[in-house]
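Enquirer: Just one file: run-v4.tsv, with TSV, C-alpha atoms.
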```tsv
chain	number	residue	atom	x	y	z
Z	30	GLY	CA	115.39	132.12	-62.31
Z	31	ALA	CA	116.27	128.45	-62.04
Z	32	GLY	CA	113.77	125.79	-63.00
Z	33	VAL	CA	113.40	122.36	-61.44
Z	34	SER	CA	116.79	120.72	-61.12
Z	35	GLN	CA	117.32	116.97	-60.97
Z	36	THR	CA	120.55	115.15	-60.23
Z	37	PRO	CA	122.13	113.03	-61.47
Z	38	SER	CA	120.96	113.26	-65.05
Z	39	ASN	CA	122.00	109.66	-65.62
Z	40	LYS	CA	122.56	106.84	-63.17
Z	41	VAL	CA	123.71	103.33	-63.97
Z	42	THR	CA	123.60	100.87	-61.12
Z	43	GLU	CA	123.78	97.15	-60.60
Z	44	LYS	CA	120.78	95.06	-59.65
Z	45	GLY	CA	120.38	94.97	-55.90
Z	46	LYS	CA	122.05	98.30	-55.20
Z	47	TYR	CA	120.55	101.35	-53.48
Z	48	VAL	CA	120.09	104.64	-55.34
Z	49	GLU	CA	119.05	108.16	-54.43
Z	50	LEU	CA	117.64	110.64	-56.91
Z	51	ARG	CA	117.50	114.31	-56.01
Z	52	CYS	CA	115.05	117.02	-56.99
Z	53	ASP	CA	115.46	120.73	-56.31
Z	54	PRO	CA	112.13	122.43	-57.10
Z	55	ILE	CA	111.44	125.99	-58.15
Z	56	SER	CA	111.87	128.28	-55.15
Z	57	GLY	CA	108.61	128.85	-53.34
Z	58	HIS	CA	106.74	125.94	-54.91
Z	59	THR	CA	105.04	124.02	-52.13
Z	60	ALA	CA	103.84	121.10	-54.25
Z	61	LEU	CA	106.34	118.53	-55.52
Z	62	TYR	CA	105.63	115.44	-57.58
Z	63	TRP	CA	107.65	112.40	-58.61
Z	64	TYR	CA	106.81	110.47	-61.76
Z	65	ARG	CA	108.37	107.52	-63.56
Z	66	GLN	CA	108.30	107.29	-67.34
Z	67	SER	CA	109.11	104.26	-69.45
Z	68	LEU	CA	109.65	104.35	-73.19
Z	69	GLY	CA	106.42	104.95	-75.08
Z	70	GLN	CA	104.41	105.60	-71.94
Z	71	GLY	CA	103.15	108.70	-70.20
Z	72	PRO	CA	104.55	109.76	-66.83
Z	73	GLU	CA	103.35	107.40	-64.11
Z	74	PHE	CA	102.49	109.09	-60.80
Z	75	LEU	CA	104.58	107.96	-57.83
Z	76	ILE	CA	104.19	110.43	-54.95
Z	77	TYR	CA	103.07	113.97	-54.22
Z	78	PHE	CA	104.30	116.29	-51.46
Z	79	GLN	CA	102.56	119.35	-50.14
Z	80	GLY	CA	105.22	121.05	-48.06
Z	81	THR	CA	107.15	118.50	-46.05
Z	82	GLY	CA	104.48	115.83	-45.94
Z	83	ALA	CA	103.61	113.19	-48.50
Z	84	ALA	CA	100.02	114.07	-49.38
Z	85	ASP	CA	99.60	111.04	-51.63
Z	86	ASP	CA	102.05	108.16	-52.01
Z	87	SER	CA	99.61	105.78	-53.65
Z	88	GLY	CA	101.73	105.52	-56.79
Z	89	LEU	CA	104.83	104.06	-55.15
Z	90	PRO	CA	105.02	100.55	-56.64
Z	91	ASN	CA	106.26	98.75	-53.53
Z	92	ASP	CA	108.13	99.24	-50.27
Z	93	ARG	CA	111.49	99.45	-52.02
Z	94	PHE	CA	110.55	102.97	-53.03
Z	95	PHE	CA	110.57	105.84	-50.55
Z	96	ALA	CA	110.73	109.62	-50.86
Z	97	VAL	CA	111.39	112.43	-48.42
Z	98	ARG	CA	111.22	116.19	-48.41
Z	99	PRO	CA	112.42	117.10	-44.90
Z	100	GLU	CA	112.51	120.88	-45.21
Z	101	GLY	CA	109.77	121.37	-47.75
Z	102	SER	CA	112.14	122.12	-50.59
Z	103	VAL	CA	114.60	119.53	-51.93
Z	104	SER	CA	113.23	116.01	-52.26
Z	105	THR	CA	115.03	112.68	-52.53
Z	106	LEU	CA	113.56	109.55	-54.09
Z	107	LYS	CA	115.19	106.45	-52.66
Z	108	ILE	CA	115.09	103.02	-54.25
Z	109	GLN	CA	116.36	100.00	-52.36
Z	110	ARG	CA	117.44	96.66	-53.86
Z	111	THR	CA	117.04	97.95	-57.39
Z	112	GLU	CA	115.64	95.64	-60.04
Z	113	ARG	CA	116.02	95.77	-63.81
Z	114	GLY	CA	112.34	96.71	-64.06
Z	115	ASP	CA	113.11	99.94	-62.19
Z	116	SER	CA	114.96	101.23	-65.25
Z	117	ALA	CA	113.14	104.34	-66.46
Z	118	VAL	CA	113.32	108.12	-66.50
Z	119	TYR	CA	112.36	109.54	-63.11
Z	120	LEU	CA	110.78	112.96	-63.45
Z	121	CYS	CA	110.27	115.52	-60.72
Z	122	ALA	CA	107.87	118.44	-61.05
Z	123	SER	CA	106.90	121.32	-58.82
Z	124	SER	CA	103.88	123.51	-58.80
Z	125	GLY	CA	102.90	126.86	-57.38
Z	126	ARG	CA	99.72	128.46	-58.60
Z	127	LYS	CA	100.39	127.26	-62.14
Z	128	PRO	CA	100.44	123.63	-63.24
Z	129	LEU	CA	103.49	121.43	-63.20
Z	130	HIS	CA	106.99	122.48	-64.17
Z	131	PHE	CA	109.22	119.49	-64.82
Z	132	GLY	CA	112.90	118.93	-64.38
Z	133	ASN	CA	114.96	117.22	-67.07
Z	134	GLY	CA	114.67	113.88	-65.30
Z	135	THR	CA	117.10	111.23	-64.11
Z	136	ARG	CA	117.59	108.30	-66.46
Z	137	LEU	CA	118.10	105.25	-64.26
Z	138	THR	CA	119.52	102.09	-65.77
Z	139	VAL	CA	119.72	98.96	-63.65
Z	140	THR	CA	122.05	96.35	-65.10
M	18	ARG	CA	90.44	100.80	-66.56
M	19	LYS	CA	93.10	103.50	-66.69
M	20	GLU	CA	92.28	106.81	-65.02
M	21	VAL	CA	93.18	108.76	-68.16
M	22	GLU	CA	93.03	107.13	-71.58
M	23	GLN	CA	94.31	108.35	-74.92
M	24	ASP	CA	94.69	106.90	-78.38
M	25	PRO	CA	98.45	106.29	-78.65
M	26	GLY	CA	98.52	107.01	-82.38
M	27	PRO	CA	100.72	107.67	-84.20
M	28	PHE	CA	98.86	110.27	-86.16
M	29	ASN	CA	100.75	111.01	-89.35
M	30	VAL	CA	99.33	114.05	-91.15
M	31	PRO	CA	100.56	116.48	-93.81
M	32	GLU	CA	101.66	119.97	-92.97
M	33	GLY	CA	98.71	122.36	-92.96
M	34	ALA	CA	96.18	119.71	-91.96
M	35	THR	CA	93.84	119.90	-88.99
M	36	VAL	CA	94.17	117.12	-86.44
M	37	ALA	CA	92.19	116.33	-83.29
M	38	PHE	CA	92.90	114.14	-80.28
M	39	ASN	CA	90.51	112.95	-77.62
M	40	CYS	CA	91.13	111.82	-74.08
M	41	THR	CA	88.75	110.25	-71.56
M	42	TYR	CA	89.00	110.26	-67.78
M	43	SER	CA	87.35	107.94	-65.29
M	44	ASN	CA	86.93	110.09	-62.17
M	45	SER	CA	83.87	112.29	-62.44
M	46	ALA	CA	85.19	114.38	-59.52
M	47	SER	CA	88.16	115.57	-61.60
M	48	GLN	CA	88.40	119.33	-61.59
M	49	SER	CA	91.40	120.52	-63.58
M	50	PHE	CA	92.49	119.49	-67.04
M	51	PHE	CA	95.52	120.22	-69.15
M	52	TRP	CA	97.33	119.31	-72.33
M	53	TYR	CA	101.10	118.87	-72.15
M	54	ARG	CA	103.51	118.44	-75.02
M	55	GLN	CA	106.56	116.20	-74.83
M	56	ASP	CA	109.34	116.15	-77.39
M	57	CYS	CA	111.53	113.09	-77.79
M	58	ARG	CA	113.81	112.59	-74.76
M	59	LYS	CA	112.65	115.85	-73.21
M	60	GLU	CA	110.49	116.67	-70.22
M	61	PRO	CA	106.75	117.41	-70.63
M	62	LYS	CA	105.82	121.06	-70.97
M	63	LEU	CA	102.47	122.70	-70.45
M	64	LEU	CA	100.69	123.40	-73.74
M	65	MET	CA	97.43	124.75	-72.37
M	66	SER	CA	94.88	124.43	-69.63
M	67	VAL	CA	91.40	123.23	-70.55
M	68	TYR	CA	88.39	125.20	-69.34
M	69	SER	CA	84.76	124.16	-69.21
M	70	SER	CA	83.77	126.74	-71.78
M	71	GLY	CA	86.52	125.67	-74.15
M	72	ASN	CA	89.53	127.79	-74.92
M	73	GLU	CA	91.77	128.69	-77.78
M	74	ASP	CA	95.45	129.61	-78.00
M	75	GLY	CA	96.46	130.46	-81.54
M	76	ARG	CA	96.12	127.33	-83.66
M	77	PHE	CA	95.22	125.19	-80.66
M	78	THR	CA	91.71	124.69	-79.29
M	79	ALA	CA	90.87	122.68	-76.20
M	80	GLN	CA	87.42	121.51	-75.18
M	81	LEU	CA	86.02	119.77	-72.11
M	82	ASN	CA	82.86	117.68	-71.99
M	83	ARG	CA	82.14	116.92	-68.33
M	84	ALA	CA	79.01	114.89	-69.03
M	85	SER	CA	80.93	112.46	-71.22
M	86	GLN	CA	84.20	112.88	-69.32
M	87	TYR	CA	86.36	113.64	-72.27
M	88	ILE	CA	88.78	116.34	-73.32
M	89	SER	CA	89.83	117.21	-76.83
M	90	LEU	CA	92.66	119.08	-78.49
M	91	LEU	CA	92.37	120.48	-82.01
M	92	ILE	CA	95.40	121.69	-83.94
M	93	ARG	CA	94.73	123.76	-87.04
M	94	ASP	CA	97.18	124.50	-89.86
M	95	SER	CA	99.67	122.03	-88.42
M	96	LYS	CA	103.39	122.79	-88.63
M	97	LEU	CA	106.36	120.46	-88.79
M	98	SER	CA	107.29	121.74	-85.33
M	99	ASP	CA	104.03	120.36	-83.93
M	100	SER	CA	105.46	116.85	-84.17
M	101	ALA	CA	105.56	115.60	-80.59
M	102	THR	CA	103.67	113.50	-78.08
M	103	TYR	CA	100.60	115.17	-76.59
M	104	LEU	CA	99.74	114.20	-73.03
M	105	CYS	CA	96.29	114.57	-71.51
M	106	VAL	CA	96.48	115.51	-67.82
M	107	VAL	CA	93.82	115.45	-65.09
M	108	ARG	CA	93.81	116.63	-61.48
M	109	ASP	CA	91.10	115.52	-59.08
M	110	SER	CA	91.08	118.60	-56.87
M	111	SER	CA	93.30	121.46	-55.91
M	112	ALA	CA	95.15	119.29	-53.43
M	113	SER	CA	95.49	116.03	-55.23
M	114	LYS	CA	97.67	114.00	-57.48
M	115	ILE	CA	97.96	114.82	-61.15
M	116	ILE	CA	97.51	111.94	-63.57
M	117	PHE	CA	98.89	111.72	-67.11
M	118	GLY	CA	97.57	109.76	-70.03
M	119	SER	CA	99.95	107.60	-72.02
M	120	GLY	CA	100.18	110.23	-74.75
M	121	THR	CA	99.27	110.53	-78.42
M	122	ARG	CA	102.11	110.68	-80.90
M	123	LEU	CA	101.78	113.18	-83.71
M	124	SER	CA	104.03	113.32	-86.74
M	125	ILE	CA	103.66	116.11	-89.29
M	126	ARG	CA	105.10	115.36	-92.74
M	127	PRO	CA	106.16	118.00	-95.30
```
I need this file expressed as C-alpha coordinates, please.
Expert:
Amino acid sequence: GAGVSQTPSNKVTEKGKYVELRCDPISGHTALYWYRQSLGQGPEFLIYFQGTGAADDSGLPNDRFFAVRPEGSVSTLKIQRTERGDSAVYLCASSGRKPLHFGNGTRLTVT
Amino acid sequence: RKEVEQDPGPFNVPEGATVAFNCTYSNSASQSFFWYRQDCRKEPKLLMSVYSSGNEDGRFTAQLNRASQYISLLIRDSKLSDSATYLCVVRDSSASKIIFGSGTRLSIRP
(Lines of atoms letter the chains of each structure in order from A and count residues from 1; the text may use other names and numbers.)
(Lines give C-alpha, C1' and ligand atoms only; values in the text may rest on other atoms or scores of the structure.)
Protein backbone atom coordinates (compact mmCIF):
# COMPACT_ATOMS: atom_id res chain seq x y z
CA GLY A 1 0.00 0.00 0.00
CA ALA A 2 2.91 2.32 -0.63
CA GLY A 3 2.36 5.82 -1.91
CA VAL A 4 4.65 7.79 -4.20
CA SER A 5 8.22 7.55 -2.96
CA GLN A 6 10.88 10.14 -3.71
CA THR A 7 14.57 9.88 -2.94
CA PRO A 8 16.58 11.52 -1.60
CA SER A 9 14.41 13.64 0.65
CA ASN A 10 17.13 16.27 0.80
CA LYS A 11 20.03 16.95 -1.52
CA VAL A 12 22.70 19.60 -1.11
CA THR A 13 25.03 20.06 -4.04
CA GLU A 14 27.55 22.57 -5.26
CA LYS A 15 26.91 24.85 -8.20
CA GLY A 16 27.92 23.14 -11.42
CA LYS A 17 27.38 19.59 -10.22
CA TYR A 18 25.04 16.96 -11.67
CA VAL A 19 22.12 15.58 -9.65
CA GLU A 20 19.56 12.83 -10.09
CA LEU A 21 16.24 12.76 -8.30
CA ARG A 22 14.24 9.56 -8.19
CA CYS A 23 10.51 8.94 -8.12
CA ASP A 24 8.82 5.60 -7.51
CA PRO A 25 5.11 6.01 -8.33
CA ILE A 26 2.14 4.09 -7.00
CA SER A 27 2.08 0.64 -8.58
CA GLY A 28 -0.05 0.54 -11.70
CA HIS A 29 -0.19 4.30 -12.21
CA THR A 30 0.62 5.01 -15.84
CA ALA A 31 0.79 8.80 -15.55
CA LEU A 32 3.73 10.44 -13.77
CA TYR A 33 4.37 14.14 -13.30
CA TRP A 34 7.31 16.19 -12.11
CA TYR A 35 6.81 19.61 -10.55
CA ARG A 36 9.12 22.19 -8.98
CA GLN A 37 7.95 24.33 -6.09
CA SER A 38 9.66 27.41 -4.71
CA LEU A 39 8.75 29.05 -1.42
CA GLY A 40 5.41 30.82 -1.58
CA GLN A 41 4.59 29.50 -5.04
CA GLY A 42 2.39 26.73 -6.35
CA PRO A 43 3.90 23.65 -7.98
CA GLU A 44 5.34 24.52 -11.39
CA PHE A 45 4.79 21.87 -14.07
CA LEU A 46 7.97 20.39 -15.53
CA ILE A 47 7.17 17.17 -17.42
CA TYR A 48 4.48 14.54 -17.75
CA PHE A 49 4.91 10.87 -18.69
CA GLN A 50 2.25 8.53 -19.95
CA GLY A 51 3.87 5.12 -19.69
CA THR A 52 7.47 5.29 -20.84
CA GLY A 53 7.15 8.31 -23.07
CA ALA A 54 7.24 11.98 -22.18
CA ALA A 55 3.80 13.17 -23.27
CA ASP A 56 4.55 16.80 -22.47
CA ASP A 57 7.93 18.24 -21.50
CA SER A 58 7.03 21.85 -22.16
CA GLY A 59 7.70 22.84 -18.55
CA LEU A 60 11.37 21.90 -18.47
CA PRO A 61 13.11 25.27 -18.05
CA ASN A 62 16.12 24.57 -20.27
CA ASP A 63 18.28 21.78 -21.68
CA ARG A 64 20.03 21.21 -18.36
CA PHE A 65 16.91 19.40 -17.22
CA PHE A 66 16.03 15.93 -18.47
CA ALA A 67 13.80 13.14 -17.21
CA VAL A 68 13.41 9.48 -18.08
CA ARG A 69 11.04 6.67 -17.26
CA PRO A 70 12.54 3.71 -19.15
CA GLU A 71 10.25 0.94 -17.92
CA GLY A 72 7.11 2.94 -17.32
CA SER A 73 7.46 2.89 -13.56
CA VAL A 74 10.36 4.61 -11.76
CA SER A 75 11.35 8.00 -13.12
CA THR A 76 14.56 9.97 -12.73
CA LEU A 77 14.84 13.75 -13.08
CA LYS A 78 18.35 14.74 -14.07
CA ILE A 79 19.79 18.22 -13.71
CA GLN A 80 23.15 19.06 -15.24
CA ARG A 81 25.44 21.96 -14.27
CA THR A 82 23.21 22.94 -11.38
CA GLU A 83 22.68 26.61 -10.63
CA ARG A 84 21.63 28.30 -7.40
CA GLY A 85 18.30 29.15 -9.02
CA ASP A 86 17.55 25.41 -9.29
CA SER A 87 17.13 25.28 -5.50
CA ALA A 88 13.54 24.23 -4.80
CA VAL A 89 11.41 21.30 -3.75
CA TYR A 90 10.98 18.85 -6.61
CA LEU A 91 7.67 17.03 -6.39
CA CYS A 92 6.68 13.87 -8.20
CA ALA A 93 3.08 12.74 -8.57
CA SER A 94 1.38 9.78 -10.17
CA SER A 95 -2.13 9.28 -11.33
CA GLY A 96 -4.37 6.37 -12.18
CA ARG A 97 -8.06 7.01 -12.60
CA LYS A 98 -8.02 9.49 -9.71
CA PRO A 99 -6.19 12.80 -9.70
CA LEU A 100 -2.63 13.28 -8.57
CA HIS A 101 -1.02 11.60 -5.60
CA PHE A 102 2.18 13.35 -4.56
CA GLY A 103 5.36 12.11 -3.00
CA ASN A 104 6.99 14.00 -0.13
CA GLY A 105 9.35 15.75 -2.52
CA THR A 106 13.10 16.22 -2.75
CA ARG A 107 14.43 19.47 -1.34
CA LEU A 108 17.35 20.47 -3.55
CA THR A 109 19.78 23.11 -2.34
CA VAL A 110 22.49 24.34 -4.68
CA THR A 111 25.27 26.17 -2.86
CA ARG B 1 -0.98 35.86 -18.29
CA LYS B 2 -0.69 32.82 -16.03
CA GLU B 3 -2.71 29.76 -17.00
CA VAL B 4 -4.26 29.53 -13.53
CA GLU B 5 -4.53 32.59 -11.30
CA GLN B 6 -5.42 32.87 -7.64
CA ASP B 7 -5.43 35.61 -5.05
CA PRO B 8 -2.40 34.74 -2.88
CA GLY B 9 -4.02 36.08 0.30
CA PRO B 10 -3.40 35.65 3.12
CA PHE B 11 -6.96 35.39 4.27
CA ASN B 12 -7.08 35.73 8.04
CA VAL B 13 -10.52 34.88 9.42
CA PRO B 14 -11.95 33.91 12.82
CA GLU B 15 -12.95 30.38 13.62
CA GLY B 16 -16.53 29.71 12.54
CA ALA B 17 -16.47 32.20 9.69
CA THR B 18 -17.31 31.45 6.08
CA VAL B 19 -14.57 32.13 3.56
CA ALA B 20 -14.50 31.90 -0.23
CA PHE B 21 -11.69 31.75 -2.76
CA ASN B 22 -11.84 32.23 -6.50
CA CYS B 23 -9.54 31.03 -9.23
CA THR B 24 -9.51 31.87 -12.94
CA TYR B 25 -8.08 29.83 -15.80
CA SER B 26 -7.08 30.96 -19.26
CA ASN B 27 -7.64 27.88 -21.43
CA SER B 28 -11.28 27.54 -22.39
CA ALA B 29 -10.59 23.92 -23.45
CA SER B 30 -9.82 22.93 -19.85
CA GLN B 31 -11.88 19.95 -18.80
CA SER B 32 -11.05 18.89 -15.26
CA PHE B 33 -10.79 21.03 -12.16
CA PHE B 34 -9.71 20.36 -8.62
CA TRP B 35 -8.89 21.99 -5.31
CA TYR B 36 -5.81 20.76 -3.46
CA ARG B 37 -4.74 21.62 0.06
CA GLN B 38 -1.12 22.04 1.07
CA ASP B 39 0.10 22.30 4.64
CA CYS B 40 3.40 23.99 5.42
CA ARG B 41 6.37 21.93 4.18
CA LYS B 42 4.09 19.10 3.10
CA GLU B 43 3.00 17.78 -0.28
CA PRO B 44 -0.31 18.89 -1.85
CA LYS B 45 -3.27 16.63 -1.21
CA LEU B 46 -6.54 16.42 -3.09
CA LEU B 47 -9.34 18.28 -1.31
CA MET B 48 -12.07 17.81 -3.88
CA SER B 49 -12.84 17.65 -7.56
CA VAL B 50 -14.98 20.39 -9.07
CA TYR B 51 -17.95 19.45 -11.22
CA SER B 52 -19.94 21.60 -13.61
CA SER B 53 -23.06 21.33 -11.49
CA GLY B 54 -21.20 22.29 -8.35
CA ASN B 55 -20.51 19.88 -5.53
CA GLU B 56 -20.36 19.80 -1.80
CA ASP B 57 -18.29 17.77 0.66
CA GLY B 58 -19.23 18.54 4.24
CA ARG B 59 -18.31 22.15 4.96
CA PHE B 60 -16.70 22.59 1.56
CA THR B 61 -18.52 23.64 -1.62
CA ALA B 62 -16.90 23.92 -5.03
CA GLN B 63 -18.40 25.64 -8.06
CA LEU B 64 -17.36 25.95 -11.69
CA ASN B 65 -18.39 28.72 -14.06
CA ARG B 66 -17.25 27.70 -17.55
CA ALA B 67 -18.56 30.83 -19.25
CA SER B 68 -16.43 33.06 -17.04
CA GLN B 69 -13.67 30.49 -16.61
CA TYR B 70 -13.52 30.58 -12.88
CA ILE B 71 -13.70 28.11 -10.04
CA SER B 72 -14.62 28.83 -6.45
CA LEU B 73 -14.21 27.15 -3.10
CA LEU B 74 -16.42 28.00 -0.13
CA ILE B 75 -15.57 26.88 3.39
CA ARG B 76 -18.31 27.15 5.98
CA ASP B 77 -17.90 27.08 9.76
CA SER B 78 -14.13 27.25 9.41
CA LYS B 79 -11.93 25.33 11.84
CA LEU B 80 -8.43 26.02 13.06
CA SER B 81 -7.36 22.91 11.15
CA ASP B 82 -8.46 24.52 7.88
CA SER B 83 -5.40 26.76 8.01
CA ALA B 84 -3.40 25.85 4.92
CA THR B 85 -2.69 26.90 1.35
CA TYR B 86 -5.44 26.06 -1.13
CA LEU B 87 -4.32 25.31 -4.67
CA CYS B 88 -6.55 25.60 -7.71
CA VAL B 89 -5.76 22.91 -10.29
CA VAL B 90 -6.76 22.59 -13.95
CA ARG B 91 -6.27 19.84 -16.53
CA ASP B 92 -6.81 20.52 -20.21
CA SER B 93 -7.93 17.04 -21.22
CA SER B 94 -7.69 13.49 -20.03
CA ALA B 95 -4.21 13.16 -21.50
CA SER B 96 -2.63 16.44 -20.68
CA LYS B 97 -0.56 18.29 -18.19
CA ILE B 98 -2.05 19.44 -14.91
CA ILE B 99 -1.47 23.06 -13.96
CA PHE B 100 -1.49 24.50 -10.44
CA GLY B 101 -2.26 28.01 -9.35
CA SER B 102 0.10 29.75 -6.97
CA GLY B 103 -2.20 29.06 -4.04
CA THR B 104 -4.26 31.06 -1.56
CA ARG B 105 -3.09 31.11 2.03
CA LEU B 106 -5.75 30.78 4.68
CA SER B 107 -5.19 31.34 8.37
CA ILE B 108 -7.97 30.66 10.87
CA ARG B 109 -7.61 32.44 14.22
CA PRO B 110 -9.25 31.33 17.49
Enquirer: Kindly provide the residues of chain M that approach chain Z to within 7 Å, each paired with its closest atom pair and their distance in Å to one decimal, based on only C-alpha atoms, listed by chain and increasing number, as a Markdown table.
Expert:
```
| residue | atom | partner | partner_atom | distance |
| --- | --- | --- | --- | --- |
| M:Lys59 | CA | Z:Asn133 | CA | 6.7 |
| M:Glu60 | CA | Z:Asn133 | CA | 5.5 |
| M:Pro61 | CA | Z:Phe131 | CA | 6.6 |
| M:Lys114 | CA | Z:Tyr77 | CA | 6.3 |
| M:Ile116 | CA | Z:Phe74 | CA | 6.4 |
| M:Phe117 | CA | Z:Pro72 | CA | 6.0 |
| M:Gly118 | CA | Z:Gly71 | CA | 5.7 |
| M:Ser119 | CA | Z:Gly71 | CA | 3.8 |
| M:Gly120 | CA | Z:Gly71 | CA | 5.6 |
```
Enquirer: Select, counting all atoms listed in the file, all protein, DNA and RNA residues no farther than 8 Å from (96.4, 120.5, -70.1) in file coordinates, and express the selection as an MDAnalysis selection string.
Expert: chainID M and resid 50:53 63:67 104:107
Enquirer: Near Leu90 of chain M, within 12 Å and counting all atoms listed in the file, which residues show up once chain neighbours fewer than 2 positions away are dropped, as a PyMOL selection string?
Expert: chain M and resi 23+35-41+50-54+64-68+71-74+76-82+87-88+92-93+103-106+121
Enquirer: Please produce an output containing C-alpha atoms for each residue in the selection, written as a short mmCIF file (atom, residue, chain, number, x, y, z; two decimals), in the coordinates of the input.
Expert:
```cif
data_model
loop_
_atom_site.label_atom_id
_atom_site.label_comp_id
_atom_site.auth_asym_id
_atom_site.auth_seq_id
_atom_site.Cartn_x
_atom_site.Cartn_y
_atom_site.Cartn_z
CA GLN M 23 94.31 108.35 -74.92
CA THR M 35 93.84 119.90 -88.99
CA VAL M 36 94.17 117.12 -86.44
CA ALA M 37 92.19 116.33 -83.29
CA PHE M 38 92.90 114.14 -80.28
CA ASN M 39 90.51 112.95 -77.62
CA CYS M 40 91.13 111.82 -74.08
CA THR M 41 88.75 110.25 -71.56
CA PHE M 50 92.49 119.49 -67.04
CA PHE M 51 95.52 120.22 -69.15
CA TRP M 52 97.33 119.31 -72.33
CA TYR M 53 101.10 118.87 -72.15
CA ARG M 54 103.51 118.44 -75.02
CA LEU M 64 100.69 123.40 -73.74
CA MET M 65 97.43 124.75 -72.37
CA SER M 66 94.88 124.43 -69.63
CA VAL M 67 91.40 123.23 -70.55
CA TYR M 68 88.39 125.20 -69.34
CA GLY M 71 86.52 125.67 -74.15
CA ASN M 72 89.53 127.79 -74.92
CA GLU M 73 91.77 128.69 -77.78
CA ASP M 74 95.45 129.61 -78.00
CA ARG M 76 96.12 127.33 -83.66
CA PHE M 77 95.22 125.19 -80.66
CA THR M 78 91.71 124.69 -79.29
CA ALA M 79 90.87 122.68 -76.20
CA GLN M 80 87.42 121.51 -75.18
CA LEU M 81 86.02 119.77 -72.11
CA ASN M 82 82.86 117.68 -71.99
CA TYR M 87 86.36 113.64 -72.27
CA ILE M 88 88.78 116.34 -73.32
CA ILE M 92 95.40 121.69 -83.94
CA ARG M 93 94.73 123.76 -87.04
CA TYR M 103 100.60 115.17 -76.59
CA LEU M 104 99.74 114.20 -73.03
CA CYS M 105 96.29 114.57 -71.51
CA VAL M 106 96.48 115.51 -67.82
CA THR M 121 99.27 110.53 -78.42
#
```
Enquirer: Within 10 Å of Arg93 of chain Z, counting only C-alpha atoms, which residues show up once you throw out same-chain ones fewer than 5 positions away? Write them as a list in words, please.
Expert: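 After dropping sequence-adjacent residues, the list is Tyr47, Lys107, Ile108, Gln109, Arg110, Thr111 and Glu112 of chain Z.
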Enquirer: Quick one: pull the distance between atom CA of Ser95 of chain M and atom CA of Arg108 of chain M, Å, one decimal.
Expert: 28.1 Å
Enquirer: Considering only C-alpha atoms, can you say which of M:Lys19, M:Ser100, M:Asp24, M:Ser113 comes closest to Ala83 of chain Z?
Expert: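 The shortest atom-to-atom distance to Ala83 of chain Z comes from M:Ser113.
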Enquirer: Which value, in Å to one decimal, gives the distance between atom CA of Ser104 of chain Z and atom CA of Thr102 of chain M?
Expert: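 Atom-to-atom, atom CA of Ser104 of chain Z and atom CA of Thr102 of chain M are spaced 27.6 Å apart.
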Enquirer: How many Å lie between atom CA of Trp63 of chain Z and atom CA of Ser123 of chain Z, rounded to one decimal?
Expert: 9.0 Å
Enquirer: Using only C-alpha atoms, can you tell me which of M:Ala84, M:Glu20, M:Pro27, M:Arg58 comes closest to Tyr42 of chain M?
Expert: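 The answer is M:Glu20, which sits nearest to Tyr42 of chain M.
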Enquirer: With a distance cut-off of 7 Å and only C-alpha atoms, select the neighbouring residues of Gly101 of chain Z, excluding the residue or stretch itself and same-chain residues fewer than 3 positions from it, and output the selection as a list in words.
Expert: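 Neighbouring residues, sequence-local ones excluded: Thr59, Gly80, Thr81 and Arg98 of chain Z.
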